[in-house]
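Asks: Quick one: structure below, then a few questions.
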Amino acid sequence: MDSGNGAPFAASAEGNGHQPFRSAFIVKASNGWATREDLTFAVLRKADAAYVGMCGVHPARGWEFGYWFGKAYWGKGYATEAGARIVAFAFEVLNAEKLAAGWFYDNPASGRVLEKLGFGACGEEARSCLSRGSDVQCRMVVLDRAAYMTRKSAS
Ligand SMILES: CC(C)(COP(=O)(O)OP(=O)(O)OC[C@H]1O[C@@H](n2cnc3c(N)ncnc32)[C@H](O)[C@@H]1OP(=O)(O)O)[C@@H](O)C(=O)NCCC(=O)NCCS
């Protein structure tokens, strides 16, 4: 993974009609490191440096973890592998006490990724989804430092 400076995001090949959202996201991710309001990493495939997605954290509920991966790259373990690096970054570099995340109820693959990373259920809420233009029910999960350390020492 590499820290996001904007350029990797502009290289996305996903032509899905979400250009306004994508542009806003690129600006937010580019500025986020300076303000520490959005610490986003580009995820590059080791074999050929293809830009496959992003993941990162921002300060909310302690710290909150999020990610996005291009459709062509789903089902290859990338979200889990990159997510594990971000979880370690949160606890070991940012010294987070807990890490929150949420997954939309109709995206169980995302729930599975978070489960594999050690997150446990902690509630539900409706969250705004920019690309759908509406609120979507979101399952909230959390991983605290003690649980992270237990998993780390067991691995
Ligand atoms: C969530 C997402 C990013 C996962 O990325 P990924 O790189 O394919 O994830 P991984 O390959 O690391 O792991 C996916 C897991 O979900 C499982 N899975 C896939 N489809 C599933 C489904 N319909 N129900 C339950 N589990 C499912 C896979 O079997 C795998 O688990 P396993 O290793 O135990 O077999 C991607 O599948 C996706 O839905 N993207 C939508 C757009 C996006 O990026 N959203 C951001 C997340 S909110």
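Residues are named by chain letter and number: chains run A, B, ... in the order of the structure tokens, numbers start at 1 in each chain, and ligands are numbered from 1 in the order shown.
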Write out as a PyMOL selection string which residues come within 10 Å of region 60-64 of chain A when counting only C-alpha atoms, dropping same-chain ones fewer than 5 positions away.

Replies: chain A and resi 37-38+90-91+94-102+141-142

Asks: Given only C-alpha atoms and all ligand atoms, how would the per-residue table for chain A near ligand 1 read, listing every residue at most 7 Å away with its closest atom pair and distance in Å to one decimal, sorted by chain and number, as a tab-separated table?

Replies:
residue	atom	partner	partner_atom_place_in_ligand_line	distance
A:Gly66	CA	ligand 1	47 (C)	6.9
A:Tyr67	CA	ligand 1	46 (C)	5.1
A:Trp68	CA	ligand 1	44 (O)	3.2
A:Phe69	CA	ligand 1	44 (O)	4.1
A:Gly70	CA	ligand 1	44 (O)	6.4
A:Lys71	CA	ligand 1	40 (N)	6.5
A:Tyr73	CA	ligand 1	7 (O)	6.3
A:Trp74	CA	ligand 1	8 (O)	3.3
A:Gly75	CA	ligand 1	8 (O)	3.4
A:Lys76	CA	ligand 1	11 (O)	4.4
A:Gly77	CA	ligand 1	11 (O)	3.2
A:Tyr78	CA	ligand 1	7 (O)	4.0
A:Ala79	CA	ligand 1	7 (O)	3.8
A:Thr80	CA	ligand 1	12 (O)	3.7
A:Glu81	CA	ligand 1	12 (O)	6.4
A:Trp103	CA	ligand 1	48 (S)	5.0
A:Phe104	CA	ligand 1	48 (S)	6.2
A:Asn107	CA	ligand 1	39 (O)	5.7
A:Pro108	CA	ligand 1	24 (N)	4.4
A:Ala109	CA	ligand 1	16 (O)	3.7
A:Ser110	CA	ligand 1	1 (C)	3.5
A:Arg112	CA	ligand 1	16 (O)	4.8
A:Val113	CA	ligand 1	13 (O)	5.0

Asks: Keeping only N, CA and C atoms, take the residues you just selected and write them out as a compact mmCIF listing (two decimals), in the first residue's frame.

Replies:
# COMPACT_ATOMS: atom_id res chain seq x y z
N GLY A 66 -12.67 2.43 6.78
CA GLY A 66 -13.49 2.27 5.59
C GLY A 66 -12.64 1.85 4.40
N TYR A 67 -13.30 1.34 3.36
CA TYR A 67 -12.57 0.89 2.18
C TYR A 67 -13.47 0.85 0.96
N TRP A 68 -12.84 0.78 -0.17
CA TRP A 68 -13.52 0.63 -1.45
C TRP A 68 -12.57 -0.13 -2.38
N PHE A 69 -13.11 -1.09 -3.13
CA PHE A 69 -12.29 -1.84 -4.09
C PHE A 69 -13.01 -1.92 -5.43
N GLY A 70 -12.28 -1.81 -6.51
CA GLY A 70 -12.85 -1.91 -7.85
C GLY A 70 -13.42 -3.30 -8.08
N LYS A 71 -14.55 -3.35 -8.80
CA LYS A 71 -15.27 -4.60 -8.99
C LYS A 71 -14.40 -5.70 -9.61
N TYR A 73 -11.63 -6.43 -9.02
CA TYR A 73 -10.66 -6.98 -8.07
C TYR A 73 -11.31 -7.66 -6.87
N TRP A 74 -12.61 -7.82 -6.88
CA TRP A 74 -13.29 -8.48 -5.77
C TRP A 74 -12.97 -9.97 -5.75
N GLY A 75 -13.09 -10.54 -4.57
CA GLY A 75 -13.00 -11.99 -4.43
C GLY A 75 -11.59 -12.56 -4.50
N LYS A 76 -10.58 -11.70 -4.32
CA LYS A 76 -9.19 -12.16 -4.39
C LYS A 76 -8.47 -11.98 -3.06
N GLY A 77 -9.21 -11.59 -2.04
CA GLY A 77 -8.60 -11.43 -0.72
C GLY A 77 -7.95 -10.08 -0.50
N TYR A 78 -8.07 -9.17 -1.48
CA TYR A 78 -7.38 -7.88 -1.34
C TYR A 78 -7.93 -7.05 -0.17
N ALA A 79 -9.25 -7.02 -0.01
CA ALA A 79 -9.82 -6.19 1.06
C ALA A 79 -9.35 -6.69 2.43
N THR A 80 -9.30 -7.99 2.58
CA THR A 80 -8.87 -8.55 3.87
C THR A 80 -7.39 -8.26 4.10
N GLU A 81 -6.56 -8.45 3.07
CA GLU A 81 -5.12 -8.23 3.23
C GLU A 81 -4.82 -6.76 3.52
N TRP A 103 -21.07 -1.68 7.61
CA TRP A 103 -21.29 -2.28 6.28
C TRP A 103 -22.77 -2.24 5.97
N PHE A 104 -23.08 -1.89 4.72
CA PHE A 104 -24.48 -1.82 4.30
C PHE A 104 -25.09 -3.22 4.30
N ASN A 107 -24.63 -5.72 1.55
CA ASN A 107 -23.27 -6.04 1.09
C ASN A 107 -22.63 -7.01 2.09
N PRO A 108 -23.13 -8.25 2.17
CA PRO A 108 -22.61 -9.18 3.17
C PRO A 108 -21.14 -9.51 3.00
N ALA A 109 -20.60 -9.36 1.76
CA ALA A 109 -19.17 -9.62 1.57
C ALA A 109 -18.35 -8.65 2.42
N SER A 110 -18.83 -7.41 2.53
CA SER A 110 -18.13 -6.43 3.34
C SER A 110 -18.21 -6.82 4.82
N ARG A 112 -18.40 -9.79 5.90
CA ARG A 112 -17.48 -10.93 6.07
C ARG A 112 -16.03 -10.45 6.18
N VAL A 113 -15.65 -9.46 5.38
CA VAL A 113 -14.29 -8.91 5.48
C VAL A 113 -14.04 -8.40 6.90

Asks: Could you give me the residues within region 120-155 of chain A that DSSP places in helix (DSSP H, G or I), as a list in words?

Replies: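 So, restricting region 120-155 of chain A to helix (DSSP H, G or I), we get Arg145, Ala146, Ala147, Tyr148, Met149, Thr150, Arg151, Lys152, Ser153 and Ala154 of chain A.
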
Asks: As number ranges by chain, please: the residues near Asp106 (chain A) (cut-off 10 Å, only C-alpha atoms, same-chain neighbours under 4 positions excluded).

Replies: A: 110-111, 136-139

Asks: How would the residues just picked look written out with all heavy atoms as an mmCIF file, in the first residue's frame?

Replies:
data_model
loop_
_atom_site.group_PDB
_atom_site.id
_atom_site.type_symbol
_atom_site.label_atom_id
_atom_site.label_comp_id
_atom_site.auth_asym_id
_atom_site.auth_seq_id
_atom_site.Cartn_x
_atom_site.Cartn_y
_atom_site.Cartn_z
ATOM 1 N N SER A 110 -18.827 -7.408 2.525
ATOM 2 C CA SER A 110 -18.129 -6.429 3.345
ATOM 3 C C SER A 110 -18.209 -6.821 4.821
ATOM 4 O O SER A 110 -17.227 -6.697 5.562
ATOM 5 C CB SER A 110 -18.735 -5.037 3.117
ATOM 6 O OG SER A 110 -17.983 -4.068 3.787
ATOM 7 N N GLY A 111 -19.380 -7.307 5.228
ATOM 8 C CA GLY A 111 -19.519 -7.783 6.608
ATOM 9 C C GLY A 111 -18.563 -8.921 6.891
ATOM 10 O O GLY A 111 -17.963 -9.006 7.966
ATOM 11 N N VAL A 136 -29.104 4.316 3.831
ATOM 12 C CA VAL A 136 -29.108 2.858 3.724
ATOM 13 C C VAL A 136 -28.814 2.292 5.113
ATOM 14 O O VAL A 136 -27.958 2.826 5.838
ATOM 15 C CB VAL A 136 -28.037 2.365 2.721
ATOM 16 C CG1 VAL A 136 -28.031 0.845 2.628
ATOM 17 C CG2 VAL A 136 -28.273 2.979 1.336
ATOM 18 N N GLN A 137 -29.533 1.225 5.479
ATOM 19 C CA GLN A 137 -29.317 0.628 6.784
ATOM 20 C C GLN A 137 -27.907 0.031 6.856
ATOM 21 O O GLN A 137 -27.473 -0.684 5.949
ATOM 22 C CB GLN A 137 -30.374 -0.461 7.050
ATOM 23 C CG GLN A 137 -30.528 -0.831 8.511
ATOM 24 C CD GLN A 137 -31.025 0.337 9.376
ATOM 25 O OE1 GLN A 137 -31.527 1.340 8.861
ATOM 26 N NE2 GLN A 137 -30.838 0.216 10.688
ATOM 27 N N CYS A 138 -27.218 0.368 7.935
ATOM 28 C CA CYS A 138 -25.812 0.018 8.068
ATOM 29 C C CYS A 138 -25.604 -0.761 9.359
ATOM 30 O O CYS A 138 -26.067 -0.343 10.416
ATOM 31 C CB CYS A 138 -25.000 1.315 8.089
ATOM 32 S SG CYS A 138 -23.245 1.104 7.933
ATOM 33 N N ARG A 139 -24.935 -1.893 9.257
ATOM 34 C CA ARG A 139 -24.587 -2.697 10.435
ATOM 35 C C ARG A 139 -23.253 -2.200 10.968
ATOM 36 O O ARG A 139 -22.255 -2.211 10.245
ATOM 37 C CB ARG A 139 -24.514 -4.168 10.059
ATOM 38 C CG ARG A 139 -25.754 -4.648 9.320
ATOM 39 C CD ARG A 139 -26.512 -5.714 10.064
ATOM 40 N NE ARG A 139 -27.889 -5.748 9.588
ATOM 41 C CZ ARG A 139 -28.372 -6.611 8.690
ATOM 42 N NH1 ARG A 139 -27.590 -7.544 8.208
ATOM 43 N NH2 ARG A 139 -29.642 -6.566 8.323
#

Asks: Quick check, in Å to one decimal: how far apart do CA of Phe89 (chain A) and CA of Ser131 (chain A) lie?

Replies: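 Distance reported for this atom pair: 27.9 Å.
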
Asks: Pick out the residues sitting within 12 Å of Lys152 (chain A), and hand them over as a list in words; count only C-alpha atoms, and ignore anything fewer than 4 positions along from it in its own chain.

Replies: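 Selected residues are Ala84, Val87, Ala88, Phe91, Glu92, Leu117, Gly118, Arg145, Ala146, Ala147 and Tyr148 of chain A.
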
Asks: Would you mind listing what lies within 7 Å of Leu39 (chain A) as number ranges by chain, with only C-alpha atoms counted and same-chain residues fewer than 2 positions away left out?

Replies: A: 32-33, 36-37, 41, 56-58
